[in-house]
>>> print(open('structure.txt').read())   # compact mmCIF, C-alpha atoms
# COMPACT_ATOMS: atom_id res chain seq x y z
CA MET A 749 86.92 -84.22 -12.97
CA PRO A 750 86.84 -80.41 -13.53
CA THR A 751 84.49 -78.48 -11.26
CA VAL A 752 82.55 -75.38 -12.25
CA LEU A 753 81.03 -73.18 -9.54
CA VAL A 754 78.08 -71.08 -10.69
CA THR A 755 78.01 -68.52 -7.90
CA GLU A 756 74.52 -67.05 -8.48
CA SER A 757 71.30 -67.96 -10.26
CA ILE A 758 71.43 -67.84 -14.07
CA HIS A 759 69.08 -68.79 -16.89
CA SER A 760 68.38 -72.52 -16.88
CA ASP A 761 69.66 -72.91 -20.45
CA GLY A 762 73.15 -71.89 -19.35
CA LEU A 763 73.12 -74.46 -16.55
CA ALA A 764 71.82 -77.09 -18.96
CA MET A 765 74.75 -76.47 -21.31
CA LEU A 766 77.22 -77.05 -18.50
CA ARG A 767 75.40 -80.09 -17.13
CA ALA A 768 75.30 -81.67 -20.58
CA ARG A 769 79.11 -81.85 -20.68
CA PRO A 770 80.26 -85.35 -19.63
CA GLY A 771 82.80 -85.42 -16.84
CA LEU A 772 82.08 -81.90 -15.61
CA GLU A 773 80.86 -81.28 -12.06
CA VAL A 774 78.57 -78.26 -11.79
CA VAL A 775 77.98 -76.71 -8.36
CA GLU A 776 75.22 -74.13 -7.93
CA GLY A 777 76.30 -71.58 -5.33
CA ALA A 778 72.93 -69.85 -4.95
CA GLY A 779 71.51 -70.78 -1.56
CA LEU A 780 74.68 -72.40 -0.24
CA ALA A 781 75.68 -71.58 3.31
CA PRO A 782 78.89 -69.50 3.56
CA ASP A 783 81.02 -72.46 4.65
CA ALA A 784 79.68 -74.63 1.83
CA LEU A 785 80.31 -71.86 -0.70
CA ARG A 786 83.90 -71.48 0.46
CA ALA A 787 84.39 -75.22 0.17
CA ALA A 788 83.05 -75.07 -3.38
CA GLU A 789 85.45 -72.21 -4.20
CA ALA A 790 88.36 -74.32 -2.99
CA ARG A 791 87.42 -77.16 -5.36
CA ALA A 792 86.50 -75.06 -8.38
CA ASP A 793 88.53 -75.06 -11.60
CA ALA A 794 86.26 -72.43 -13.16
CA LEU A 795 83.68 -69.94 -11.92
CA LEU A 796 80.66 -68.42 -13.60
CA VAL A 797 80.03 -65.20 -11.68
CA ARG A 798 77.48 -62.41 -11.62
CA PHE A 799 78.02 -60.39 -8.41
CA HIS A 800 80.60 -62.58 -6.68
CA ARG A 801 83.60 -60.53 -5.52
CA CYS A 802 86.88 -62.03 -6.70
CA ASN A 803 89.41 -60.14 -4.58
CA PRO A 804 92.84 -61.29 -3.34
CA ALA A 805 91.21 -63.11 -0.40
CA PHE A 806 89.07 -65.05 -2.87
CA PHE A 807 92.10 -66.15 -4.86
CA GLU A 808 93.70 -67.39 -1.64
CA ARG A 809 90.60 -69.51 -1.01
CA ALA A 810 90.40 -70.76 -4.61
CA PRO A 811 93.90 -71.95 -5.62
CA LYS A 812 92.64 -74.25 -8.40
CA VAL A 813 90.66 -71.66 -10.34
CA ARG A 814 91.94 -71.08 -13.86
CA LEU A 815 88.95 -69.31 -15.41
CA ILE A 816 86.46 -66.71 -14.22
CA ALA A 817 83.60 -66.44 -16.70
CA ARG A 818 81.71 -63.20 -16.14
CA TYR A 819 77.95 -63.05 -16.69
CA GLY A 820 78.12 -59.69 -18.48
CA VAL A 821 80.95 -57.35 -19.44
CA GLY A 822 81.85 -55.44 -16.28
CA VAL A 823 84.84 -56.73 -14.35
CA ASP A 824 85.07 -54.18 -11.54
CA LEU A 825 84.32 -56.91 -8.94
CA ILE A 826 87.30 -58.95 -10.13
CA ASP A 827 90.83 -58.05 -9.05
CA LEU A 828 92.48 -58.29 -12.46
CA ASN A 829 95.99 -57.94 -11.06
CA ALA A 830 95.46 -60.88 -8.70
CA ALA A 831 93.95 -62.90 -11.55
CA ARG A 832 96.92 -62.13 -13.80
CA ASP A 833 99.46 -62.96 -11.08
CA ARG A 834 97.85 -66.39 -10.61
CA GLY A 835 97.46 -67.11 -14.31
CA VAL A 836 93.65 -66.92 -14.17
CA THR A 837 91.84 -66.08 -17.40
CA VAL A 838 88.91 -63.65 -17.15
CA ALA A 839 86.24 -63.99 -19.84
CA ILE A 840 83.31 -61.69 -20.57
CA THR A 841 80.13 -62.18 -22.61
CA ALA A 842 81.02 -59.38 -25.02
CA ASP A 843 77.89 -58.47 -27.03
CA ALA A 844 75.39 -60.37 -24.87
CA ASN A 845 73.84 -57.29 -23.29
CA THR A 846 74.72 -54.68 -25.92
CA GLN A 847 71.25 -54.38 -27.44
CA SER A 848 69.58 -54.04 -24.05
CA VAL A 849 71.93 -51.29 -22.87
CA VAL A 850 71.69 -49.44 -26.17
CA GLU A 851 67.89 -49.45 -25.95
CA HIS A 852 68.00 -48.30 -22.31
CA THR A 853 70.39 -45.48 -23.17
CA THR A 854 68.19 -44.42 -26.09
CA TRP A 855 65.10 -44.46 -23.85
CA MET A 856 66.89 -42.22 -21.35
CA LEU A 857 67.94 -39.79 -24.07
CA LEU A 858 64.38 -39.60 -25.38
CA SER A 859 62.99 -39.23 -21.85
CA LEU A 860 65.31 -36.29 -21.23
CA ALA A 861 64.13 -34.60 -24.43
CA LYS A 862 60.39 -35.24 -24.04
CA PRO A 863 58.16 -34.61 -20.98
CA PHE A 864 56.93 -38.22 -20.96
CA ASP A 865 56.76 -38.39 -17.17
CA ARG A 866 54.51 -35.33 -16.89
CA TRP A 867 52.21 -36.63 -19.62
CA ARG A 868 52.07 -40.15 -18.17
CA HIS A 869 51.21 -38.99 -14.65
CA GLY A 870 48.76 -36.44 -15.98
CA MET A 871 46.85 -39.07 -17.96
CA ALA A 872 47.03 -41.87 -15.38
CA GLY A 873 43.75 -42.86 -13.79
CA LEU A 874 41.59 -40.49 -15.81
CA THR A 875 38.63 -42.28 -17.35
CA ALA A 876 37.38 -39.16 -19.05
CA LEU A 877 39.26 -35.92 -19.62
CA SER A 878 37.48 -32.63 -19.37
CA ARG A 879 38.46 -29.90 -21.82
CA GLU A 880 40.18 -28.07 -18.96
CA GLN A 881 42.18 -31.15 -17.90
CA TRP A 882 43.15 -31.87 -21.49
CA SER A 883 44.34 -28.30 -22.01
CA THR A 884 46.77 -28.60 -19.10
CA LEU A 885 48.43 -31.58 -20.79
CA THR A 886 48.33 -30.91 -24.50
CA PRO A 887 51.42 -29.28 -26.01
CA SER A 888 49.23 -26.81 -27.93
CA ARG A 889 48.77 -24.93 -24.65
CA TYR A 890 52.46 -24.05 -24.75
CA ALA A 891 52.76 -23.42 -28.49
CA SER A 892 53.88 -19.80 -28.12
CA ARG A 893 56.63 -20.42 -25.55
CA ASP A 894 59.17 -23.06 -24.51
CA GLU A 895 57.60 -23.79 -21.12
CA GLY A 896 56.18 -27.33 -21.00
CA LEU A 897 57.27 -28.23 -24.50
CA GLY A 898 59.37 -31.26 -25.32
CA GLY A 899 62.43 -31.07 -27.51
CA GLU A 900 63.93 -32.94 -30.42
CA LEU A 901 67.09 -35.00 -30.40
CA GLY A 902 67.56 -34.43 -34.12
CA ALA A 903 70.35 -31.96 -34.97
CA LYS A 904 71.59 -32.01 -31.35
CA THR A 905 75.13 -33.13 -30.60
CA LEU A 906 75.59 -36.36 -28.67
CA LEU A 907 79.01 -36.81 -27.09
CA VAL A 908 79.81 -40.52 -26.81
CA VAL A 909 82.66 -41.24 -24.40
CA GLY A 910 83.90 -44.71 -25.30
CA LEU A 911 83.17 -46.06 -28.78
CA GLY A 912 83.30 -49.74 -27.89
CA ARG A 913 80.59 -52.31 -28.53
CA ILE A 914 77.82 -50.38 -26.78
CA GLY A 915 79.07 -46.91 -27.66
CA ARG A 916 79.22 -47.80 -31.36
CA ARG A 917 75.61 -48.96 -31.37
CA VAL A 918 74.41 -45.92 -29.43
CA ALA A 919 76.20 -43.72 -31.97
CA GLN A 920 74.50 -45.58 -34.83
CA VAL A 921 71.04 -45.10 -33.29
CA ALA A 922 71.70 -41.44 -32.54
CA SER A 923 72.91 -40.84 -36.07
CA ALA A 924 69.85 -42.60 -37.49
CA ILE A 925 67.51 -40.20 -35.70
CA GLY A 926 69.44 -37.18 -36.89
CA MET A 927 71.82 -36.43 -34.04
CA LYS A 928 75.37 -35.25 -34.64
CA VAL A 929 77.81 -37.69 -33.06
CA LEU A 930 80.97 -36.48 -31.35
CA VAL A 931 83.35 -39.10 -29.93
CA VAL A 932 86.09 -39.21 -27.33
CA ASP A 933 88.02 -42.49 -27.32
CA PRO A 934 91.82 -42.51 -27.47
CA TYR A 935 92.04 -46.28 -27.92
CA ILE A 936 90.34 -46.89 -31.25
CA ASP A 937 90.98 -46.45 -34.94
CA ARG A 938 89.04 -43.34 -35.94
CA ALA A 939 88.70 -44.22 -39.62
CA PRO A 940 85.53 -46.38 -39.40
CA GLY A 941 83.73 -43.78 -37.29
CA GLU A 942 84.82 -40.91 -39.48
CA ALA A 943 83.49 -42.81 -42.51
CA LEU A 944 80.09 -42.82 -40.77
CA GLY A 945 80.22 -39.08 -40.27
CA TYR A 946 81.23 -39.02 -36.61
CA ARG A 947 83.51 -36.26 -35.39
CA PHE A 948 86.34 -37.05 -32.98
CA ALA A 949 87.76 -34.82 -30.28
CA SER A 950 91.31 -35.19 -29.05
CA SER A 951 90.30 -34.72 -25.42
CA LEU A 952 87.27 -34.69 -23.15
CA ARG A 953 87.81 -31.04 -22.29
CA GLU A 954 87.78 -30.16 -25.98
CA ALA A 955 84.55 -32.07 -26.59
CA LEU A 956 82.40 -31.14 -23.61
CA PRO A 957 81.55 -27.53 -24.62
CA LYS A 958 80.14 -28.86 -27.92
CA ALA A 959 77.76 -31.45 -26.40
CA ASP A 960 74.01 -31.12 -25.94
CA TYR A 961 73.89 -34.65 -24.52
CA LEU A 962 76.66 -36.73 -22.98
CA THR A 963 76.58 -40.53 -22.71
CA VAL A 964 79.30 -42.63 -21.07
CA HIS A 965 80.26 -46.14 -22.20
CA CYS A 966 83.53 -46.93 -20.42
CA PRO A 967 84.35 -49.52 -17.77
CA ARG A 968 85.15 -48.31 -14.29
CA ASN A 969 88.86 -48.42 -13.58
CA ALA A 970 91.66 -46.21 -12.23
CA GLU A 971 91.61 -44.12 -15.41
CA THR A 972 87.87 -43.53 -15.62
CA LEU A 973 86.78 -43.30 -11.96
CA GLY A 974 85.64 -39.72 -11.40
CA MET A 975 86.66 -38.89 -14.97
CA ILE A 976 83.75 -36.47 -15.33
CA GLY A 977 83.75 -34.27 -12.25
CA ALA A 978 82.68 -30.75 -11.37
CA ALA A 979 85.20 -29.10 -13.70
CA GLU A 980 84.16 -31.27 -16.64
CA LEU A 981 80.43 -30.82 -16.02
CA ALA A 982 80.94 -27.05 -15.91
CA LEU A 983 82.32 -27.24 -19.45
CA LEU A 984 79.02 -28.60 -20.78
CA PRO A 985 76.71 -25.94 -22.20
CA LYS A 986 73.93 -24.73 -19.93
CA GLY A 987 70.90 -26.95 -20.50
CA ALA A 988 72.88 -30.04 -21.49
CA ALA A 989 71.97 -33.50 -20.17
CA VAL A 990 74.00 -36.51 -19.03
CA VAL A 991 73.35 -40.26 -19.31
CA ASN A 992 75.36 -42.92 -17.48
CA CYS A 993 74.49 -46.57 -18.13
CA ALA A 994 78.10 -47.72 -17.69
CA ARG A 995 79.36 -47.84 -14.09
CA GLY A 996 78.84 -45.70 -11.02
CA ASN A 997 80.96 -42.63 -10.33
CA ILE A 998 82.58 -42.42 -13.74
CA VAL A 999 80.43 -39.30 -13.62
CA ASP A 1000 81.03 -37.86 -10.13
CA GLU A 1001 77.62 -38.19 -8.47
CA ALA A 1002 77.91 -35.31 -6.01
CA ALA A 1003 79.16 -32.98 -8.74
CA LEU A 1004 76.35 -34.11 -11.06
CA ALA A 1005 73.72 -33.47 -8.38
CA ALA A 1006 75.13 -29.98 -7.78
CA ALA A 1007 75.12 -29.16 -11.50
CA LEU A 1008 71.51 -30.33 -11.80
CA ALA A 1009 70.34 -28.48 -8.67
CA SER A 1010 71.96 -25.25 -9.82
CA GLY A 1011 70.15 -25.39 -13.15
CA HIS A 1012 73.33 -25.64 -15.19
CA LEU A 1013 72.29 -29.08 -16.46
CA ALA A 1014 68.75 -29.71 -17.62
CA GLY A 1015 68.61 -33.37 -16.64
CA ALA A 1016 70.30 -36.71 -16.27
CA GLY A 1017 69.55 -40.38 -16.81
CA ILE A 1018 71.40 -42.59 -14.33
CA ASP A 1019 71.32 -46.40 -14.19
CA VAL A 1020 74.42 -46.99 -12.05
CA PHE A 1021 75.73 -45.74 -8.73
CA ASP A 1022 78.99 -45.78 -6.80
CA ALA A 1023 77.28 -47.68 -3.96
CA GLU A 1024 74.41 -49.95 -4.92
CA PRO A 1025 71.80 -49.55 -3.66
CA PRO A 1026 72.44 -45.83 -3.13
CA PRO A 1027 71.84 -44.53 0.40
CA PRO A 1028 68.45 -42.90 1.09
CA ASP A 1029 70.06 -39.46 1.38
CA HIS A 1030 71.84 -39.70 -1.98
CA PRO A 1031 71.47 -36.23 -3.55
CA LEU A 1032 70.35 -37.55 -6.95
CA LEU A 1033 67.32 -39.27 -5.42
CA ALA A 1034 65.68 -36.00 -4.46
CA LEU A 1035 66.01 -34.19 -7.79
CA PRO A 1036 62.98 -33.91 -10.10
CA ASN A 1037 65.02 -33.68 -13.32
CA VAL A 1038 66.72 -37.08 -13.03
CA PHE A 1039 65.58 -40.41 -14.49
CA LEU A 1040 66.89 -43.15 -12.18
CA THR A 1041 66.85 -46.89 -12.79
CA PRO A 1042 68.30 -49.63 -10.52
CA HIS A 1043 71.28 -50.86 -12.61
CA SER A 1044 68.78 -52.45 -14.94
CA ALA A 1045 69.93 -51.42 -18.43
CA ALA A 1046 70.89 -55.04 -19.19
CA ALA A 1047 67.90 -56.53 -17.37
CA THR A 1048 65.95 -58.01 -20.27
CA ARG A 1049 64.83 -61.57 -20.94
CA GLU A 1050 66.92 -61.70 -24.07
CA ALA A 1051 70.11 -60.40 -22.44
CA ALA A 1052 69.69 -62.76 -19.46
CA TRP A 1053 69.53 -65.73 -21.81
CA ARG A 1054 72.52 -64.56 -23.85
CA MET A 1055 74.68 -63.76 -20.83
CA SER A 1056 73.92 -67.14 -19.28
CA THR A 1057 74.52 -69.23 -22.38
CA HIS A 1058 77.52 -67.20 -23.59
CA ALA A 1059 79.22 -67.46 -20.20
CA ALA A 1060 78.60 -71.21 -20.19
CA ARG A 1061 80.00 -71.43 -23.72
CA ASN A 1062 83.11 -69.55 -22.61
CA ILE A 1063 83.70 -72.16 -19.89
CA LEU A 1064 83.26 -75.08 -22.27
CA ASP A 1065 85.46 -73.45 -24.90
CA PHE A 1066 88.16 -72.75 -22.30
CA LEU A 1067 88.13 -76.38 -21.21
CA ASP A 1068 88.46 -77.37 -24.89
CA GLY A 1069 91.35 -74.97 -25.43
CA ARG A 1070 89.49 -72.77 -27.94
CA LEU A 1071 88.20 -69.77 -26.00
CA ASP A 1072 87.52 -66.87 -28.38
CA PRO A 1073 90.20 -64.18 -27.74
CA ALA A 1074 87.51 -61.52 -28.19
CA MET A 1075 85.93 -62.77 -24.95
CA VAL A 1076 89.11 -62.46 -22.91
CA PHE A 1077 89.76 -59.47 -20.66
CA PRO A 1078 91.60 -57.10 -20.60
CA VAL A 1079 90.35 -55.01 -23.48
CA PRO A 1080 91.09 -51.31 -24.03
CA PRO A 1081 89.60 -49.07 -21.30
CA CYS A 1082 86.80 -47.71 -23.53
CA ALA A 1083 85.98 -50.92 -25.44
>>> encode(input="structure.txt", output="structure tokens")
Amino acid sequence: MPTVLVTESIHSDGLAMLRARPGLEVVEGAGLAPDALRAAEARADALLVRFHRCNPAFFERAPKVRLIARYGVGVDLIDLNAARDRGVTVAITADANTQSVVEHTTWMLLSLAKPFDRWRHGMAGLTALSREQWSTLTPSRYASRDEGLGGELGAKTLLVVGLGRIGRRVAQVASAIGMKVLVVDPYIDRAPGEALGYRFASSLREALPKADYLTVHCPRNAETLGMIGAAELALLPKGAAVVNCARGNIVDEAALAAALASGHLAGAGIDVFDAEPPPPDHPLLALPNVFLTPHSAAATREAAWRMSTHAARNILDFLDGRLDPAMVFPVPPCA
């Protein structure tokens, strides 16, 4: 009887799909003592993982595993070389969290353009606004100068690094609200993007000086780790802003903090960190011009349901010999 180990809690509908399959043993790892979890790893033919680290030591403990079904799209906690060497298939949930991350990225871009935080805190708790209080908040007070005014995203250039599933949708939204889309992605066919009016740069260094906003949509790997460091950030125009909802330290965090503190960059929206949670003395935590969220871009009810049920479907399809190739990793580095 095949055994599936679900290493962490997932939506109940995903568990129900697995439990409905006759002849399939489903083990829930959440709450298991370490020894019991290791025993379950040793018996497992397939894993459904969220945060479980699948390193070489794991593969030594789990010799029967033939499939690792990821709850999500990131695979940086899975040693892909060890998986390949042991003939283990790694499956992702492809588009399951795309909409959530696209919306989160868009919210960050809008938040960097508009002084929402100042307005929200200024209005909070006020049951009645005096004329003087209102005048400190209303944009009309700043009509003759830039101080305190929000900006528009329309007509600004958004540099999208990685035009994969999420990057494509971010580019579509940006284009719809009037932004100019510039793309860096050496792994894709440019023709579909060019037909939509996107411009393509041959290199990151060529593109950065043209960007008002930069958003990153690449996985973290040897090629992309630290890809945008101090030298790259210096190439952005003064007053540009950076969004990272991909993986930590693709944008070098210390370099980003320095560029923000110096005033070269106007702001940043950061959902992911190199170490999670970040240490209390992390330089980005102390800056007023940074929107920080706790790796929550995909944390929506809808995405949780899709990631759970899609990962379960990947396991069942694998057992039936019909796993969709589009769900199988590896994919190109910026897909």
>>> atom_distance(input="structure.txt", atom1="atom CA of Ala861 of chain A", atom2="atom CA of Gly898 of chain A")
5.9 Å
>>> closest_residue(input="structure.txt", among="A:Asp960, A:Glu776, A:Asp783, A:Asp933", to="Arg947 of chain A", atoms="all atoms listed in the file")
A:Asp933
>>> closest_residue(input="structure.txt", among="A:Ala817, A:Leu906, A:Leu984, A:Ala979", to="Val921 of chain A", atoms="all atoms listed in the file")
A:Leu906
>>> closest_residue(input="structure.txt", among="A:Arg968, A:Arg801, A:Arg818, A:His1012", to="Ile998 of chain A", atoms="all atoms listed in the file")
A:Arg968
>>> closest_residue(input="structure.txt", among="A:Gly762, A:Pro957, A:Gly777, A:Gly912", to="Phe799 of chain A", atoms="all atoms listed in the file")
A:Gly777
>>> residues_around(input="structure.txt", residues="segment 1044-1049 of chain A", least_positions_apart="6", cutoff="8 Å", atoms="all atoms listed in the file", output="ChimeraX atom specification")
/A:845-846,848-849,852-853,993,1019
>>> closest_residue(input="structure.txt", among="A:Leu815, A:Leu1035, A:Val908, A:Pro940", to="Leu1071 of chain A", atoms="only C-alpha atoms")
A:Leu815
>>> closest_residue(input="structure.txt", among="A:Asn969, A:Trp855, A:Leu956, A:Leu1064", to="Ile826 of chain A", atoms="all atoms listed in the file")
A:Asn969
